[in-house]
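Structure data (mmCIF, C-alpha atoms) from data_26.cif:
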```cif
data_model
#
loop_
_atom_site.label_atom_id
_atom_site.label_comp_id
_atom_site.auth_asym_id
_atom_site.auth_seq_id
_atom_site.Cartn_x
_atom_site.Cartn_y
_atom_site.Cartn_z
CA MET A 1 65.79 105.39 183.41
CA ARG A 2 67.56 104.76 186.64
CA ASP A 3 69.82 107.81 186.26
CA LYS A 4 66.93 110.22 185.56
CA GLY A 5 67.89 112.60 188.35
CA LEU A 6 71.51 112.67 187.37
CA ILE A 7 70.74 113.26 183.67
CA PHE A 8 68.30 116.12 184.29
CA ALA A 9 70.50 117.73 186.87
CA GLY A 10 73.35 117.55 184.38
CA LEU A 11 71.18 119.06 181.64
CA VAL A 12 70.08 121.94 183.85
CA PHE A 13 73.67 122.56 184.94
CA PHE A 14 74.78 122.56 181.29
CA LEU A 15 72.04 125.01 180.26
CA VAL A 16 72.87 127.37 183.11
CA LEU A 17 76.52 127.19 182.21
CA ILE A 18 76.16 128.04 178.52
CA THR A 19 73.68 130.84 179.18
CA PHE A 20 75.90 132.27 181.93
CA PRO A 21 76.90 135.41 179.96
CA VAL A 22 73.22 136.33 179.58
CA TRP A 23 72.51 135.87 183.31
CA TYR A 24 75.64 137.72 184.25
CA ASP A 25 74.75 140.72 182.08
CA LEU A 26 71.16 140.77 183.35
CA ALA A 27 72.37 140.69 186.93
CA ALA A 28 74.86 143.50 186.31
CA GLY A 29 72.19 145.52 184.49
CA THR A 30 74.48 146.41 181.62
CA THR A 31 72.48 145.02 178.68
CA SER A 32 69.75 147.62 178.58
CA LYS A 33 72.18 150.49 179.19
CA GLY A 34 73.41 152.26 176.05
CA PRO A 35 76.75 154.05 175.80
CA ASP A 36 74.94 157.38 176.34
CA PRO A 37 77.43 159.79 174.77
CA LYS A 38 76.97 163.40 175.78
CA LEU A 39 76.14 165.61 172.80
CA PRO A 40 77.14 169.25 172.69
CA THR A 41 74.34 171.65 173.53
CA ALA A 42 75.76 174.81 171.99
CA GLU A 43 75.96 173.54 168.42
CA LYS A 44 73.16 171.77 166.53
CA ASP A 45 74.78 170.98 163.16
CA CYS A 46 77.52 168.46 162.55
CA VAL A 47 79.56 167.94 159.38
CA ALA A 48 77.19 165.13 158.36
CA PRO A 49 73.75 163.84 159.43
CA VAL A 50 73.62 162.05 162.78
CA GLU A 51 72.85 158.64 161.26
CA TYR A 52 75.88 158.86 159.01
CA MET A 53 78.17 160.05 161.80
CA ARG A 54 76.96 157.30 164.09
CA THR A 55 77.83 154.52 161.65
CA SER A 56 80.62 155.97 159.51
CA HIS A 57 82.48 158.74 161.34
CA MET A 58 85.63 156.61 161.22
CA ASP A 59 85.50 156.46 157.41
CA LEU A 60 84.98 160.20 157.26
CA LEU A 61 87.94 160.82 159.57
CA LEU A 62 90.18 158.49 157.58
CA SER A 63 89.26 160.28 154.38
CA TRP A 64 89.92 163.65 156.04
CA ARG A 65 93.28 162.38 157.21
CA ASP A 66 94.36 161.27 153.73
CA GLN A 67 93.12 164.45 152.09
CA VAL A 68 94.92 166.75 154.51
CA VAL A 69 98.17 164.83 154.83
CA ARG A 70 98.55 163.42 151.35
CA GLN A 71 96.54 165.62 148.99
CA ASP A 72 96.90 169.04 150.59
CA ARG A 73 93.12 169.58 150.66
CA LEU A 74 92.16 171.32 153.84
CA THR A 75 88.47 172.17 153.79
CA TYR A 76 85.43 169.96 153.68
CA LYS A 77 82.13 170.94 152.12
CA ALA A 78 79.38 169.51 154.32
CA PHE A 79 76.04 168.16 153.17
CA ASP A 80 74.34 171.42 154.13
CA GLY A 81 76.76 173.54 152.11
CA LYS A 82 78.83 174.76 155.05
CA THR A 83 82.60 174.39 154.84
CA TYR A 84 84.73 173.09 157.65
CA ASP A 85 88.47 172.71 158.22
CA MET A 86 89.31 169.03 158.16
CA ARG A 87 90.83 168.87 161.63
CA LEU A 88 90.23 166.44 164.45
CA THR A 89 91.12 168.68 167.36
CA GLY A 90 90.36 171.99 165.67
CA THR A 91 86.95 171.11 164.23
CA CYS A 92 85.53 167.99 165.93
CA LEU A 93 86.68 168.80 169.44
CA LYS A 94 85.65 172.43 169.11
CA CYS A 95 82.02 171.35 169.61
CA HIS A 96 82.55 167.96 171.23
CA THR A 97 84.65 169.55 173.92
CA ASN A 98 84.51 166.61 176.29
CA LYS A 99 86.27 163.69 174.67
CA GLU A 100 85.73 161.45 177.70
CA GLU A 101 81.97 161.87 177.69
CA PHE A 102 81.61 161.68 173.92
CA CYS A 103 84.29 159.65 172.10
CA ASP A 104 85.41 157.43 174.96
CA ARG A 105 81.96 156.42 176.20
CA CYS A 106 80.93 154.89 172.87
CA HIS A 107 84.33 153.40 172.18
CA ALA A 108 84.43 151.76 175.59
CA TYR A 109 80.91 150.41 175.07
CA ALA A 110 81.76 149.03 171.63
CA GLY A 111 85.06 147.67 172.88
CA VAL A 112 87.17 149.50 170.30
CA ALA A 113 90.41 151.32 171.04
CA PRO A 114 91.25 153.79 168.26
CA TYR A 115 94.76 155.19 168.60
CA CYS A 116 94.00 158.75 167.45
CA TRP A 117 94.91 160.19 170.82
CA GLU A 118 98.33 158.65 171.05
CA CYS A 119 99.46 161.55 168.84
CA HIS A 120 96.56 164.00 168.55
CA ILE A 121 96.06 166.01 171.68
CA ASP A 122 92.83 166.48 173.59
CA PRO A 123 93.09 170.18 174.52
CA ALA A 124 91.06 169.73 177.71
CA LEU A 125 93.32 166.96 178.91
CA ALA A 126 96.44 168.98 178.11
CA GLN A 127 95.04 171.91 180.04
CA ARG A 128 94.26 169.74 183.06
CA SER A 129 97.73 168.20 183.12
CA ARG A 130 99.20 171.67 182.93
CA GLY A 131 97.25 172.47 186.09
CA MET B 1 68.25 158.15 100.03
CA SER B 2 71.41 159.53 98.61
CA ILE B 3 73.96 161.88 100.11
CA ASP B 4 76.47 163.78 98.01
CA ARG B 5 80.00 164.50 99.05
CA ARG B 6 79.39 168.15 99.88
CA LYS B 7 76.55 167.29 102.30
CA PHE B 8 78.53 164.47 103.92
CA LEU B 9 81.50 166.72 104.59
CA GLY B 10 79.20 169.39 106.02
CA VAL B 11 77.51 166.94 108.41
CA ALA B 12 80.87 165.41 109.42
CA ALA B 13 82.35 168.84 110.17
CA GLY B 14 79.30 169.82 112.23
CA ALA B 15 79.41 166.59 114.22
CA SER B 16 83.10 166.86 115.04
CA ALA B 17 82.65 170.50 116.07
CA LEU B 18 79.89 169.41 118.44
CA VAL B 19 82.06 166.65 119.93
CA LEU B 20 84.97 169.03 120.45
CA ALA B 21 82.74 171.66 122.06
CA GLY B 22 81.27 169.01 124.33
CA LYS B 23 84.67 167.77 125.40
CA ALA B 24 85.89 171.31 126.07
CA SER B 25 82.93 172.08 128.29
CA VAL B 26 83.33 168.77 130.15
CA ASP B 27 87.01 169.58 130.74
CA ALA B 28 86.11 173.05 131.94
CA LEU B 29 83.56 171.58 134.35
CA ALA B 30 86.02 169.02 135.62
CA ILE B 31 88.59 171.70 136.41
CA GLY B 32 85.91 173.88 137.98
CA SER B 33 84.75 171.10 140.28
CA GLN B 34 88.21 170.53 141.73
CA PRO B 35 89.23 173.76 143.37
CA LYS B 36 92.90 173.88 144.26
CA GLN B 37 92.99 174.33 147.97
CA GLY B 38 95.96 175.23 150.10
CA GLY B 39 97.91 176.93 147.33
CA THR B 40 98.74 175.94 143.79
CA LEU B 41 101.11 173.06 144.25
CA ALA B 42 102.01 172.50 140.62
CA ASN B 43 103.86 175.76 139.97
CA THR B 44 105.55 175.89 143.34
CA ARG B 45 108.89 174.51 144.43
CA TRP B 46 109.73 175.46 147.96
CA ALA B 47 113.35 176.04 148.88
CA MET B 48 115.43 177.80 151.49
CA VAL B 49 118.49 179.97 151.19
CA ILE B 50 120.66 180.29 154.29
CA ASP B 51 123.27 182.98 154.72
CA PRO B 52 125.81 181.54 157.19
CA SER B 53 127.66 184.85 157.54
CA LYS B 54 124.51 186.43 159.03
CA CYS B 55 123.79 183.34 161.11
CA LEU B 56 127.31 183.13 162.54
CA LYS B 57 127.26 186.69 163.88
CA ASP B 58 125.60 185.40 167.03
CA LYS B 59 127.00 181.95 167.55
CA GLY B 60 125.00 181.20 170.65
CA CYS B 61 121.64 181.96 169.03
CA THR B 62 119.20 179.05 168.90
CA ALA B 63 116.02 181.01 168.18
CA CYS B 64 115.15 178.99 165.06
CA ILE B 65 115.64 175.67 166.84
CA ALA B 66 113.59 176.78 169.83
CA ALA B 67 110.77 178.03 167.59
CA CYS B 68 110.66 174.74 165.70
CA ASP B 69 110.70 172.65 168.88
CA LYS B 70 107.81 174.66 170.25
CA VAL B 71 105.38 174.55 167.32
CA HIS B 72 106.05 170.90 166.46
CA ASN B 73 106.00 169.35 169.93
CA ILE B 74 109.52 168.05 169.57
CA PRO B 75 110.59 166.03 172.62
CA ASP B 76 113.85 166.56 174.47
CA PHE B 77 115.04 163.13 175.57
CA LYS B 78 118.28 164.47 177.13
CA ASN B 79 120.11 161.31 176.01
CA PRO B 80 121.92 162.31 172.77
CA LYS B 81 121.42 158.79 171.42
CA HIS B 82 117.65 159.36 171.49
CA ALA B 83 117.75 162.95 170.24
CA VAL B 84 114.93 164.05 167.96
CA LYS B 85 115.98 166.93 165.74
CA TRP B 86 114.26 168.74 162.89
CA ILE B 87 116.71 171.63 162.72
CA TRP B 88 120.11 171.59 164.34
CA LYS B 89 123.71 172.84 164.14
CA GLU B 90 126.81 171.02 162.94
CA PRO B 91 130.37 172.27 162.30
CA PHE B 92 131.22 173.01 158.66
CA LYS B 93 133.53 170.02 158.30
CA ASP B 94 130.70 167.64 159.26
CA ALA B 95 127.96 169.46 157.38
CA PHE B 96 129.90 169.70 154.13
CA PRO B 97 132.26 166.71 154.11
CA GLY B 98 134.65 166.80 151.17
CA GLN B 99 134.22 170.51 150.64
CA GLU B 100 136.66 171.54 153.33
CA ASP B 101 140.34 172.15 152.69
CA GLU B 102 143.30 173.15 154.76
CA TYR B 103 143.30 176.89 154.18
CA THR B 104 140.19 178.52 152.79
CA THR B 105 137.79 176.84 155.15
CA GLU B 106 140.05 177.26 158.14
CA GLN B 107 137.93 180.01 159.62
CA TYR B 108 134.69 178.07 159.01
CA LYS B 109 135.82 174.55 159.88
CA ASP B 110 134.45 174.43 163.39
CA LYS B 111 131.72 177.04 163.06
CA PRO B 112 128.18 175.75 163.53
CA PHE B 113 126.00 175.66 160.41
CA ILE B 114 122.22 175.40 160.53
CA LEU B 115 121.00 172.12 159.08
CA MET B 116 117.59 170.59 158.43
CA CYS B 117 115.89 168.26 155.98
CA ASN B 118 117.04 169.25 152.50
CA HIS B 119 113.70 168.43 150.86
CA CYS B 120 115.63 166.87 148.02
CA ASN B 121 114.31 166.90 144.51
CA ASN B 122 115.43 163.30 144.23
CA PRO B 123 114.85 162.07 147.77
CA PRO B 124 116.39 158.68 148.61
CA CYS B 125 114.21 158.37 151.73
CA VAL B 126 111.07 158.38 149.57
CA ARG B 127 112.44 155.69 147.32
CA VAL B 128 113.09 153.25 150.15
CA CYS B 129 109.96 153.80 152.25
CA PRO B 130 107.97 150.55 152.01
CA THR B 131 104.64 152.10 153.02
CA GLN B 132 104.89 155.45 151.20
CA ALA B 133 104.70 157.11 154.59
CA THR B 134 107.20 159.59 153.29
CA PHE B 135 106.54 161.09 149.89
CA ARG B 136 107.41 164.08 147.77
CA ARG B 137 104.63 166.59 147.26
CA GLU B 138 104.18 168.41 143.98
CA ASP B 139 105.53 171.58 145.55
CA GLY B 140 108.79 169.84 146.48
CA ILE B 141 108.14 169.27 150.18
CA VAL B 142 109.28 165.84 151.30
CA MET B 143 106.35 165.10 153.54
CA MET B 144 105.71 162.50 156.21
CA ASP B 145 102.46 160.72 156.92
CA TRP B 146 103.05 159.61 160.50
CA HIS B 147 99.88 157.53 160.39
CA ARG B 148 101.57 155.22 157.94
CA CYS B 149 105.08 155.03 159.39
CA ILE B 150 105.83 151.53 160.63
CA GLY B 151 109.19 152.50 162.13
CA CYS B 152 111.39 150.36 159.86
CA ARG B 153 113.97 153.19 159.67
CA TYR B 154 114.92 152.46 156.05
CA CYS B 155 114.56 156.19 155.40
CA MET B 156 117.06 156.96 158.14
CA ALA B 157 119.56 154.63 156.52
CA ALA B 158 118.88 156.15 153.10
CA CYS B 159 119.11 159.82 154.10
CA PRO B 160 122.72 160.98 153.63
CA TYR B 161 122.11 164.08 155.75
CA GLY B 162 120.97 162.54 159.04
CA SER B 163 117.79 164.58 158.82
CA ARG B 164 115.57 161.93 160.31
CA SER B 165 115.05 160.96 163.92
CA PHE B 166 113.44 157.94 165.48
CA ASN B 167 111.29 157.95 168.59
CA TRP B 168 112.85 155.26 170.72
CA LEU B 169 110.59 156.19 173.63
CA ASP B 170 107.15 157.67 174.08
CA PRO B 171 107.79 161.37 173.35
CA ARG B 172 104.80 162.78 175.28
CA PRO B 173 106.39 163.00 178.74
CA HIS B 174 109.48 164.69 177.25
CA ILE B 175 107.72 167.64 175.62
CA ALA B 176 108.15 170.84 177.58
CA HIS B 177 105.22 172.80 176.12
CA LEU B 178 102.46 170.83 174.45
CA ASP B 179 100.98 172.70 171.48
CA THR B 180 97.48 171.26 171.10
CA ASP B 181 97.24 172.46 167.49
CA PHE B 182 99.92 170.03 166.37
CA PRO B 183 100.04 166.29 167.05
CA THR B 184 102.87 164.65 168.92
CA ARG B 185 104.41 161.51 167.51
CA THR B 186 104.40 158.13 169.13
CA LYS B 187 107.03 155.58 170.03
CA GLY B 188 108.35 153.77 166.96
CA VAL B 189 107.78 156.56 164.44
CA VAL B 190 110.34 158.49 162.38
CA GLU B 191 110.05 162.25 162.14
CA LYS B 192 111.74 165.16 160.42
CA CYS B 193 111.30 168.73 159.19
CA THR B 194 108.24 169.24 156.98
CA PHE B 195 109.09 172.81 155.93
CA CYS B 196 106.18 173.80 158.22
CA GLU B 197 103.64 172.62 155.67
CA GLU B 198 100.84 173.19 158.23
CA ARG B 199 101.88 176.84 158.49
CA LEU B 200 102.28 177.23 154.72
CA ALA B 201 98.69 176.00 154.37
CA ARG B 202 97.61 178.88 156.61
CA GLY B 203 99.66 181.32 154.53
CA GLU B 204 102.45 181.70 157.07
CA GLY B 205 106.17 181.11 156.59
CA PRO B 206 108.22 178.44 158.34
CA ALA B 207 108.63 178.98 162.08
CA CYS B 208 112.44 178.97 161.96
CA VAL B 209 112.53 181.66 159.27
CA GLU B 210 110.17 183.87 161.25
CA ALA B 211 112.13 183.37 164.45
CA CYS B 212 115.49 184.34 162.93
CA GLU B 213 116.24 187.90 163.94
CA ALA B 214 119.36 188.10 161.79
CA LYS B 215 117.21 187.22 158.75
CA ALA B 216 119.78 184.58 157.84
CA MET B 217 117.14 182.26 156.38
CA VAL B 218 115.03 183.05 153.35
CA PHE B 219 112.20 180.78 152.28
CA GLY B 220 110.52 180.96 148.90
CA ASN B 221 109.38 179.54 145.62
CA LEU B 222 112.08 178.55 143.14
CA ASP B 223 109.58 178.38 140.30
CA ASP B 224 108.92 182.10 140.65
CA PRO B 225 111.77 183.99 138.92
CA ASP B 226 111.01 187.13 140.94
CA SER B 227 111.11 185.44 144.33
CA GLU B 228 113.71 186.48 146.89
CA VAL B 229 115.33 183.04 146.85
CA ARG B 230 115.84 183.16 143.09
CA GLN B 231 117.27 186.68 143.29
CA LEU B 232 119.70 185.62 146.04
CA LEU B 233 120.81 182.53 144.13
CA LYS B 234 121.32 184.64 141.02
CA ALA B 235 123.33 187.32 142.80
CA ARG B 236 125.56 185.13 144.95
CA PHE B 237 127.37 181.82 144.76
CA SER B 238 125.90 179.06 146.86
CA ILE B 239 126.76 175.53 147.94
CA ARG B 240 124.59 172.58 148.87
CA ARG B 241 125.29 169.60 151.09
CA ASN B 242 126.79 166.55 149.36
CA PRO B 243 125.84 167.63 145.82
CA GLU B 244 127.77 164.70 144.37
CA LEU B 245 125.13 162.28 145.64
CA GLY B 246 122.59 163.52 143.11
CA THR B 247 119.85 164.08 145.64
CA GLN B 248 119.38 167.71 144.52
CA PRO B 249 118.95 169.35 147.95
CA GLU B 250 116.72 172.41 148.12
CA ILE B 251 118.59 174.11 150.95
CA TYR B 252 121.22 176.51 149.62
CA TYR B 253 124.05 178.01 151.64
CA LEU B 254 125.36 181.35 150.40
CA VAL B 255 129.12 181.74 150.25
#
```
Whole structure, structure tokens version:
Amino acid sequence: MRDKGLIFAGLVFFLVLITFPVWYDLAAGTTSKGPDPKLPTAEKDCVAPVEYMRTSHMDLLLSWRDQVVRQDRLTYKAFDGKTYDMRLTGTCLKCHTNKEEFCDRCHAYAGVAPYCWECHIDPALAQRSRG
Amino acid sequence: MSIDRRKFLGVAAGASALVLAGKASVDALAIGSQPKQGGTLANTRWAMVIDPSKCLKDKGCTACIAACDKVHNIPDFKNPKHAVKWIWKEPFKDAFPGQEDEYTTEQYKDKPFILMCNHCNNPPCVRVCPTQATFRREDGIVMMDWHRCIGCRYCMAACPYGSRSFNWLDPRPHIAHLDTDFPTRTKGVVEKCTFCEERLARGEGPACVEACEAKAMVFGNLDDPDSEVRQLLKARFSIRRNPELGTQPEIYYLV
């Protein structure tokens, strides 16, 4: 075991290298931080329970999209019996008025880039650009 | 245990009556659980009747075009090669090729006629669309699902009326007044007139029809014999664009 020092130093270097992402995140303090989306305060009820919306809002929106565009069905009966217009800007953004603090925060955290807003318009953003 | 013929027939009749009653109630429930929302599509066939003589009184009027541009976030690219148009004007000889002649159409030849998607009963654009992004609704509207459009432009090649436009550039910066109620399109997507289906769903008429002060455009249901469009078509002779192609356009021009 003449090369003991070299071998162990190499092993330690290797371990540090492959665990680098963990160290890096710990140092930056990003791991324990959640996306922290800002929920609306004025309205308590959503079109579905929070747990469902958290995991499956994209499925709900896709189904809304197909129903409105392709099947001419316009209203959605929610789990609590209320009916809502199936509209992204008209219904969702009516309560979740701040897209940047709600949609974007989670999407940025999860590293997803949905292209809803390439066509649909965030009214707040449109108002700001208008001045 | 024995059963005579009379009893057997009685039991059989009772059982079939029960089955039929059961089926009827199931059918009734099934219909009840699917409320028709946004109008009854099945007995509706939307169409438009245009009276060019009323329209041509004020040749410079573009109220219908302006109204459409505004509610549908239609971009103005300036460059005519990139133009996006849902409703536009074209001289008679270009709008109705083959129907012009030397004498009778002389006064109309160069007059601008209002054109838009014909919402054909037999739409060639729908047949060629590889993703079913464009489809014909039960009420006759040739609809577009911009989510599905992949920008192949087969529909533009198929449409004999030039009713479809392609977004060669990002349209957002070229829209004068952004209406937040209606989406914009994106680069690489085809668009066209949808007969204002979003307004019909709210119980309003098409924007162009409402904007026309001369009342040159009438929109209505062809399946309703008492509708204004049916009355107009009954009372006066009308022509359609390129009828020989068999596309069955639903825009009628009164003569």
Could you write out as a VMD selection string the residues of chain A within 12 Å of chain B, counting all atoms listed in the file? chain A and resid 62 65 to 77 85 87 to 91 93 to 94 115 to 130
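Interatomic distance, atom CA of B:Cys208 to atom CA of B:Ala67: 5.9 Å.
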Apply the PyMOL selection byres ((chain A and resi 34-37) around 7) to the file shown and report the selected residues as a PDB file with C-alpha atoms, in the frame of the given file.
```
ATOM      1  CA  SER A  32      69.750 147.620 178.580  1.00  0.00           C
ATOM      2  CA  LYS A  33      72.180 150.490 179.190  1.00  0.00           C
ATOM      3  CA  LYS A  38      76.970 163.400 175.780  1.00  0.00           C
ATOM      4  CA  LEU A  39      76.140 165.610 172.800  1.00  0.00           C
ATOM      5  CA  GLU A 101      81.970 161.870 177.690  1.00  0.00           C
ATOM      6  CA  PHE A 102      81.610 161.680 173.920  1.00  0.00           C
ATOM      7  CA  ARG A 105      81.960 156.420 176.200  1.00  0.00           C
ATOM      8  CA  CYS A 106      80.930 154.890 172.870  1.00  0.00           C
ATOM      9  CA  TYR A 109      80.910 150.410 175.070  1.00  0.00           C
TER      10      TYR A 109
END
```
Output the residue selection produced by the PyMOL selection byres ((chain B and resi 155-157) around 9) on the file above, formatted as a PyMOL selection string. chain B and resi 124-129+134+152-154+158-160+162-166+190
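Atom pair atom CA of B:Lys111 / atom CA of B:Arg241: separated by 15.5 Å.
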Using Å and a single decimal, report how far atom CA of B:Asp139 sits from atom CA of B:Trp46.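 These two atoms are separated by 6.2 Å.
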For a quick check of your reading of the model, name the residues lying within 9 Å of the coordinate (117.3, 176.2, 149.6), counting all atoms listed in the file, and write them as a PDB file with C-alpha atoms, keeping the file's coordinate frame.
```pdb
ATOM      1  CA  TRP B  46     109.730 175.460 147.960  1.00  0.00           C
ATOM      2  CA  ALA B  47     113.350 176.040 148.880  1.00  0.00           C
ATOM      3  CA  MET B  48     115.430 177.800 151.490  1.00  0.00           C
ATOM      4  CA  VAL B  49     118.490 179.970 151.190  1.00  0.00           C
ATOM      5  CA  ILE B  50     120.660 180.290 154.290  1.00  0.00           C
ATOM      6  CA  ASN B 118     117.040 169.250 152.500  1.00  0.00           C
ATOM      7  CA  HIS B 119     113.700 168.430 150.860  1.00  0.00           C
ATOM      8  CA  VAL B 218     115.030 183.050 153.350  1.00  0.00           C
ATOM      9  CA  PHE B 219     112.200 180.780 152.280  1.00  0.00           C
ATOM     10  CA  GLY B 220     110.520 180.960 148.900  1.00  0.00           C
ATOM     11  CA  LEU B 222     112.080 178.550 143.140  1.00  0.00           C
ATOM     12  CA  VAL B 229     115.330 183.040 146.850  1.00  0.00           C
ATOM     13  CA  ARG B 240     124.590 172.580 148.870  1.00  0.00           C
ATOM     14  CA  PRO B 249     118.950 169.350 147.950  1.00  0.00           C
ATOM     15  CA  GLU B 250     116.720 172.410 148.120  1.00  0.00           C
ATOM     16  CA  ILE B 251     118.590 174.110 150.950  1.00  0.00           C
ATOM     17  CA  TYR B 252     121.220 176.510 149.620  1.00  0.00           C
ATOM     18  CA  TYR B 253     124.050 178.010 151.640  1.00  0.00           C
TER      19      TYR B 253
END
```
Decode the PyMOL selection byres ((chain B and resi 68) around 10) for the given file into explicit residues and return them as a PyMOL selection string. chain B and resi 63-67+69-74+85-87+193+196+206-209+211
Counting all atoms listed in the file, closest pick from A:Leu17, A:Ala27, A:Cys95, A:Met58 relative to A:Pro40 is A:Cys95
Selected residue, from B:Phe8, B:Tyr108, B:Trp88, B:Phe96, that lies nearest to B:Leu56 when counting only C-alpha atoms: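 Looking at the shortest contact to B:Leu56, the residue is B:Tyr108.
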